[in-house]
Structures are given as structure tokens and as C-alpha cells.
>>> print(open('final07.cif').read())   # mmCIF, N, CA and C atoms
data_target
loop_
_atom_site.label_atom_id
_atom_site.label_comp_id
_atom_site.auth_asym_id
_atom_site.auth_seq_id
_atom_site.Cartn_x
_atom_site.Cartn_y
_atom_site.Cartn_z
N MET A 11 105.36 -92.31 97.84
CA MET A 11 106.39 -91.45 97.30
C MET A 11 107.74 -92.18 97.16
N LEU A 12 108.05 -93.06 98.14
CA LEU A 12 109.30 -93.80 98.06
C LEU A 12 109.34 -94.68 96.82
N ALA A 13 108.20 -95.29 96.49
CA ALA A 13 108.17 -96.18 95.33
C ALA A 13 108.49 -95.40 94.06
N ILE A 14 108.01 -94.18 93.96
CA ILE A 14 108.31 -93.35 92.78
C ILE A 14 109.78 -92.96 92.79
N THR A 15 110.28 -92.56 93.95
CA THR A 15 111.68 -92.16 94.07
C THR A 15 112.62 -93.27 93.64
N TYR A 16 112.31 -94.50 94.06
CA TYR A 16 113.20 -95.63 93.79
C TYR A 16 112.67 -96.56 92.69
N ASN A 17 111.76 -96.05 91.85
CA ASN A 17 111.25 -96.77 90.69
C ASN A 17 110.69 -98.15 91.05
N ASP A 18 109.99 -98.23 92.17
CA ASP A 18 109.33 -99.46 92.63
C ASP A 18 110.28 -100.62 92.91
N ARG A 19 111.55 -100.37 93.00
CA ARG A 19 112.52 -101.43 93.27
C ARG A 19 113.02 -101.32 94.70
N SER A 20 112.53 -102.20 95.54
CA SER A 20 112.92 -102.24 96.95
C SER A 20 112.91 -100.84 97.57
N PRO A 21 111.76 -100.15 97.52
CA PRO A 21 111.75 -98.75 97.98
C PRO A 21 112.14 -98.57 99.44
N MET A 22 111.65 -99.42 100.32
CA MET A 22 112.00 -99.27 101.73
C MET A 22 113.48 -99.55 101.97
N GLU A 23 113.98 -100.58 101.34
CA GLU A 23 115.38 -100.95 101.51
C GLU A 23 116.30 -99.87 100.93
N ASN A 24 115.95 -99.35 99.75
CA ASN A 24 116.74 -98.27 99.15
C ASN A 24 116.73 -97.04 100.05
N HIS A 25 115.56 -96.72 100.59
CA HIS A 25 115.45 -95.55 101.47
C HIS A 25 116.31 -95.75 102.72
N HIS A 26 116.24 -96.94 103.31
CA HIS A 26 117.02 -97.19 104.53
C HIS A 26 118.52 -97.08 104.26
N ALA A 27 118.96 -97.64 103.16
CA ALA A 27 120.39 -97.56 102.82
C ALA A 27 120.80 -96.11 102.57
N ALA A 28 120.00 -95.39 101.82
CA ALA A 28 120.32 -93.99 101.50
C ALA A 28 120.31 -93.12 102.75
N ALA A 29 119.31 -93.29 103.60
CA ALA A 29 119.21 -92.47 104.81
C ALA A 29 120.35 -92.77 105.78
N ALA A 30 120.67 -94.04 105.94
CA ALA A 30 121.76 -94.42 106.84
C ALA A 30 123.09 -93.87 106.35
N TRP A 31 123.33 -94.01 105.06
CA TRP A 31 124.60 -93.53 104.51
C TRP A 31 124.69 -92.01 104.60
N ALA A 32 123.59 -91.32 104.31
CA ALA A 32 123.57 -89.86 104.41
C ALA A 32 123.84 -89.42 105.85
N LEU A 33 123.26 -90.11 106.80
CA LEU A 33 123.48 -89.78 108.21
C LEU A 33 124.94 -90.00 108.60
N LEU A 34 125.50 -91.13 108.18
CA LEU A 34 126.90 -91.42 108.51
C LEU A 34 127.86 -90.37 107.95
N LEU A 35 127.58 -89.90 106.75
CA LEU A 35 128.49 -88.96 106.11
C LEU A 35 128.25 -87.51 106.53
N SER A 36 127.06 -87.18 106.99
CA SER A 36 126.75 -85.79 107.31
C SER A 36 126.90 -85.45 108.78
N ASN A 37 126.83 -86.43 109.65
CA ASN A 37 126.88 -86.19 111.08
C ASN A 37 128.32 -85.95 111.52
N LYS A 38 128.60 -84.75 112.00
CA LYS A 38 129.97 -84.39 112.41
C LYS A 38 130.42 -85.20 113.63
N GLU A 39 129.47 -85.69 114.45
CA GLU A 39 129.82 -86.49 115.61
C GLU A 39 130.17 -87.93 115.24
N CYS A 40 129.81 -88.31 114.03
CA CYS A 40 130.07 -89.68 113.58
C CYS A 40 131.04 -89.63 112.41
N GLU A 41 132.30 -89.51 112.73
CA GLU A 41 133.31 -89.41 111.68
C GLU A 41 134.03 -90.75 111.51
N ALA A 42 133.26 -91.82 111.45
CA ALA A 42 133.83 -93.16 111.36
C ALA A 42 134.66 -93.35 110.09
N PHE A 43 134.31 -92.63 109.03
CA PHE A 43 134.97 -92.83 107.75
C PHE A 43 135.82 -91.65 107.32
N SER A 44 136.12 -90.73 108.22
CA SER A 44 136.84 -89.51 107.84
C SER A 44 138.24 -89.78 107.29
N ASP A 45 138.91 -90.81 107.79
CA ASP A 45 140.27 -91.11 107.33
C ASP A 45 140.32 -92.28 106.35
N THR A 46 139.18 -92.69 105.86
CA THR A 46 139.11 -93.85 104.98
C THR A 46 139.45 -93.48 103.54
N ASN A 47 140.25 -94.30 102.91
CA ASN A 47 140.59 -94.13 101.51
C ASN A 47 139.29 -94.09 100.68
N PRO A 48 139.14 -93.13 99.76
CA PRO A 48 137.91 -93.02 98.97
C PRO A 48 137.54 -94.30 98.21
N LYS A 49 138.53 -95.02 97.71
CA LYS A 49 138.25 -96.26 96.99
C LYS A 49 137.69 -97.31 97.94
N VAL A 50 138.26 -97.40 99.13
CA VAL A 50 137.76 -98.34 100.15
C VAL A 50 136.34 -97.95 100.55
N LEU A 51 136.11 -96.67 100.71
CA LEU A 51 134.78 -96.18 101.07
C LEU A 51 133.76 -96.53 99.99
N GLU A 52 134.15 -96.42 98.74
CA GLU A 52 133.27 -96.76 97.63
C GLU A 52 132.89 -98.26 97.67
N VAL A 53 133.89 -99.10 97.90
CA VAL A 53 133.64 -100.55 97.98
C VAL A 53 132.76 -100.87 99.19
N LEU A 54 133.05 -100.25 100.32
CA LEU A 54 132.27 -100.46 101.54
C LEU A 54 130.82 -100.06 101.32
N ARG A 55 130.62 -98.90 100.71
CA ARG A 55 129.26 -98.43 100.46
C ARG A 55 128.49 -99.41 99.58
N LYS A 56 129.12 -99.89 98.52
CA LYS A 56 128.46 -100.84 97.63
C LYS A 56 128.09 -102.11 98.37
N MET A 57 129.01 -102.60 99.21
CA MET A 57 128.73 -103.81 99.98
C MET A 57 127.56 -103.61 100.93
N VAL A 58 127.54 -102.48 101.64
CA VAL A 58 126.46 -102.21 102.58
C VAL A 58 125.13 -102.10 101.85
N VAL A 59 125.11 -101.38 100.74
CA VAL A 59 123.87 -101.24 99.97
C VAL A 59 123.40 -102.60 99.47
N ASP A 60 124.31 -103.42 98.95
CA ASP A 60 123.94 -104.76 98.48
C ASP A 60 123.36 -105.60 99.61
N ILE A 61 123.95 -105.51 100.78
CA ILE A 61 123.46 -106.28 101.93
C ILE A 61 122.07 -105.82 102.33
N VAL A 62 121.86 -104.50 102.39
CA VAL A 62 120.55 -103.98 102.77
C VAL A 62 119.50 -104.36 101.71
N LEU A 63 119.84 -104.23 100.43
CA LEU A 63 118.89 -104.59 99.38
C LEU A 63 118.55 -106.07 99.40
N ALA A 64 119.46 -106.89 99.87
CA ALA A 64 119.21 -108.33 99.94
C ALA A 64 118.17 -108.68 101.00
N THR A 65 117.81 -107.71 101.85
CA THR A 65 116.78 -107.97 102.86
C THR A 65 115.37 -107.85 102.30
N ASP A 66 115.23 -107.43 101.06
CA ASP A 66 113.91 -107.32 100.42
C ASP A 66 113.37 -108.73 100.19
N MET A 67 112.29 -109.07 100.86
CA MET A 67 111.74 -110.42 100.77
C MET A 67 111.24 -110.76 99.35
N LYS A 68 111.00 -109.76 98.54
CA LYS A 68 110.61 -110.03 97.16
C LYS A 68 111.74 -110.74 96.41
N GLN A 69 112.97 -110.50 96.84
CA GLN A 69 114.14 -111.11 96.21
C GLN A 69 114.58 -112.41 96.89
N HIS A 70 113.90 -112.79 97.96
CA HIS A 70 114.35 -113.91 98.78
C HIS A 70 114.58 -115.20 97.98
N PHE A 71 113.60 -115.60 97.21
CA PHE A 71 113.70 -116.89 96.54
C PHE A 71 114.74 -116.89 95.41
N SER A 72 114.88 -115.78 94.70
CA SER A 72 115.91 -115.74 93.66
C SER A 72 117.31 -115.74 94.28
N LEU A 73 117.49 -115.01 95.40
CA LEU A 73 118.78 -115.01 96.08
C LEU A 73 119.08 -116.38 96.70
N THR A 74 118.07 -117.01 97.27
CA THR A 74 118.26 -118.33 97.86
C THR A 74 118.63 -119.35 96.78
N SER A 75 117.98 -119.27 95.63
CA SER A 75 118.30 -120.18 94.53
C SER A 75 119.73 -119.97 94.05
N LEU A 76 120.13 -118.73 93.91
CA LEU A 76 121.50 -118.42 93.49
C LEU A 76 122.49 -118.98 94.51
N TRP A 77 122.23 -118.75 95.77
CA TRP A 77 123.10 -119.25 96.83
C TRP A 77 123.20 -120.77 96.77
N ASN A 78 122.05 -121.43 96.68
CA ASN A 78 122.03 -122.90 96.65
C ASN A 78 122.73 -123.47 95.42
N ALA A 79 122.73 -122.74 94.32
CA ALA A 79 123.40 -123.22 93.11
C ALA A 79 124.91 -122.99 93.17
N LYS A 80 125.34 -121.90 93.76
CA LYS A 80 126.76 -121.55 93.76
C LYS A 80 127.57 -122.23 94.85
N ILE A 81 127.02 -122.38 96.02
CA ILE A 81 127.77 -122.91 97.16
C ILE A 81 128.31 -124.32 96.92
N PRO A 82 127.52 -125.28 96.40
CA PRO A 82 128.11 -126.61 96.16
C PRO A 82 129.31 -126.57 95.21
N MET A 83 129.25 -125.70 94.21
CA MET A 83 130.38 -125.58 93.29
C MET A 83 131.62 -125.05 94.00
N LEU A 84 131.43 -124.07 94.88
CA LEU A 84 132.56 -123.50 95.62
C LEU A 84 133.14 -124.50 96.62
N LEU A 85 132.26 -125.25 97.25
CA LEU A 85 132.73 -126.23 98.22
C LEU A 85 133.47 -127.39 97.55
N ALA A 86 133.12 -127.66 96.30
CA ALA A 86 133.76 -128.77 95.58
C ALA A 86 135.17 -128.42 95.12
N ARG A 87 135.48 -127.16 95.05
CA ARG A 87 136.82 -126.73 94.61
C ARG A 87 137.85 -127.04 95.68
N SER A 88 139.03 -127.33 95.23
CA SER A 88 140.12 -127.48 96.18
C SER A 88 140.60 -126.09 96.56
N PRO A 89 141.29 -125.94 97.69
CA PRO A 89 141.76 -124.60 98.11
C PRO A 89 142.61 -123.91 97.05
N SER A 90 143.42 -124.65 96.32
CA SER A 90 144.28 -124.01 95.32
C SER A 90 143.46 -123.46 94.16
N GLN A 91 142.32 -124.07 93.84
CA GLN A 91 141.49 -123.59 92.75
C GLN A 91 140.66 -122.38 93.16
N SER A 92 140.21 -122.34 94.42
CA SER A 92 139.33 -121.26 94.85
C SER A 92 140.08 -119.99 95.22
N GLU A 93 141.39 -120.07 95.38
CA GLU A 93 142.16 -118.90 95.77
C GLU A 93 143.03 -118.42 94.62
N VAL A 94 142.36 -118.00 93.55
CA VAL A 94 143.06 -117.48 92.39
C VAL A 94 143.52 -116.07 92.73
N PRO A 95 144.79 -115.73 92.53
CA PRO A 95 145.27 -114.38 92.85
C PRO A 95 144.45 -113.32 92.12
N GLY A 96 144.00 -112.33 92.87
CA GLY A 96 143.26 -111.22 92.29
C GLY A 96 141.78 -111.49 92.12
N GLU A 97 141.33 -112.69 92.43
CA GLU A 97 139.92 -113.01 92.27
C GLU A 97 139.22 -112.80 93.61
N SER A 98 138.21 -111.96 93.63
CA SER A 98 137.51 -111.69 94.87
C SER A 98 136.40 -112.71 95.09
N ALA A 99 135.89 -112.76 96.31
CA ALA A 99 134.78 -113.67 96.62
C ALA A 99 133.57 -113.29 95.80
N GLN A 100 133.34 -112.00 95.55
CA GLN A 100 132.18 -111.59 94.76
C GLN A 100 132.27 -112.12 93.35
N VAL A 101 133.45 -112.13 92.77
CA VAL A 101 133.62 -112.64 91.40
C VAL A 101 133.34 -114.14 91.41
N ARG A 102 133.90 -114.87 92.41
CA ARG A 102 133.68 -116.31 92.47
C ARG A 102 132.21 -116.63 92.65
N LEU A 103 131.46 -115.78 93.33
CA LEU A 103 130.04 -116.03 93.56
C LEU A 103 129.18 -115.49 92.41
N GLY A 104 129.80 -114.96 91.38
CA GLY A 104 129.04 -114.47 90.22
C GLY A 104 128.46 -113.11 90.42
N LYS A 105 129.02 -112.27 91.30
CA LYS A 105 128.50 -110.94 91.58
C LYS A 105 129.46 -109.89 91.05
N GLU A 106 129.93 -110.08 89.85
CA GLU A 106 130.82 -109.08 89.26
C GLU A 106 130.06 -107.78 89.11
N GLY A 107 130.76 -106.69 89.24
CA GLY A 107 129.97 -105.54 89.07
C GLY A 107 130.60 -104.27 89.04
#
>>> encode(input="final07.cif", output="C-alpha cells")
Amino acid sequence: MLAITYNDRSPMENHHAAAAWALLLSNKECEAFSDTNPKVLEVLRKMVVDIVLATDMKQHFSLTSLWNAKIPMLLARSPSQSEVPGESAQVRLGKEG
């Protein structure tokens, strides 16, 4: 059933991210994000979901290849080149979104 719900794309990982986030937001005893700016919460949620989805071993080799291709380029940059104002680490790593 999970595979149908999540269109066969990382069904366990999608379920874990969705269930964890639903629990965090619905549990009155866990108000960790009650005072958090909605925009910050949106960014945090996307980051957490991306991290959980990255645990899908089906994606391991493509993510490893991306990492291995991007890191040498980032390390070769001087500090002044890699710290462009307004440019996030996700943009520099090619994860615009």
C-alpha cells in the first residue's frame, strides 16, 4: 500500500518522513516548532525530507556520484569565490529547488 501511496518512489522513506513530521506537528506535548517562523519551518521541513529520502539505498550510487563530482570543484574554489552573497550551500552543490 505504501508503494501505491508514494508512487513507488522511496515508499518507506517517504512514509517515515511523513509520519515523523505529522507526529511533530500534531503532538501537543511536542511543541518544538510552535514559535518558529513559517518560512523557516518550510525550509527545515524540506531539508529533513531531503535527508530522509537520501537514505534510500536505491539512490546511493547516484548520490555518491554527484557528491564525488561536486566536492572537488568546491574544494578547488578559493574562499572568496565560494562565499558569494546570497548563494546558499544547496545552490553551490547543484540542489536548487
>>> resolve_selection(input="final07.cif", expression="the PyMOL selection byres (((chain A and resi 26-43 and name CA) around 9) and name CA)", output="list in words")
Pro21, Met22, Glu23, Asn24, His25, Ser44, Asp45, Thr46, Asn47, Leu51, Arg55, Val58, Val59, Val62 and Leu63 of chain A
>>> atom_distance(input="final07.cif", atom1="atom N of Asp60 in chain A", atom2="atom C of Pro82 in chain A")
24.0 Å
>>> atom_distance(input="final07.cif", atom1="CA of Leu76 in chain A", atom2="CA of Val50 in chain A")
26.7 Å
>>> atom_distance(input="final07.cif", atom1="atom C of Lys68 in chain A", atom2="atom N of Ser20 in chain A")
8.6 Å
>>> closest_residue(input="final07.cif", among="A:Val53, A:Ile61, A:Leu85, A:Leu12", to="Leu73 in chain A", atoms="only C-alpha atoms")
A:Ile61
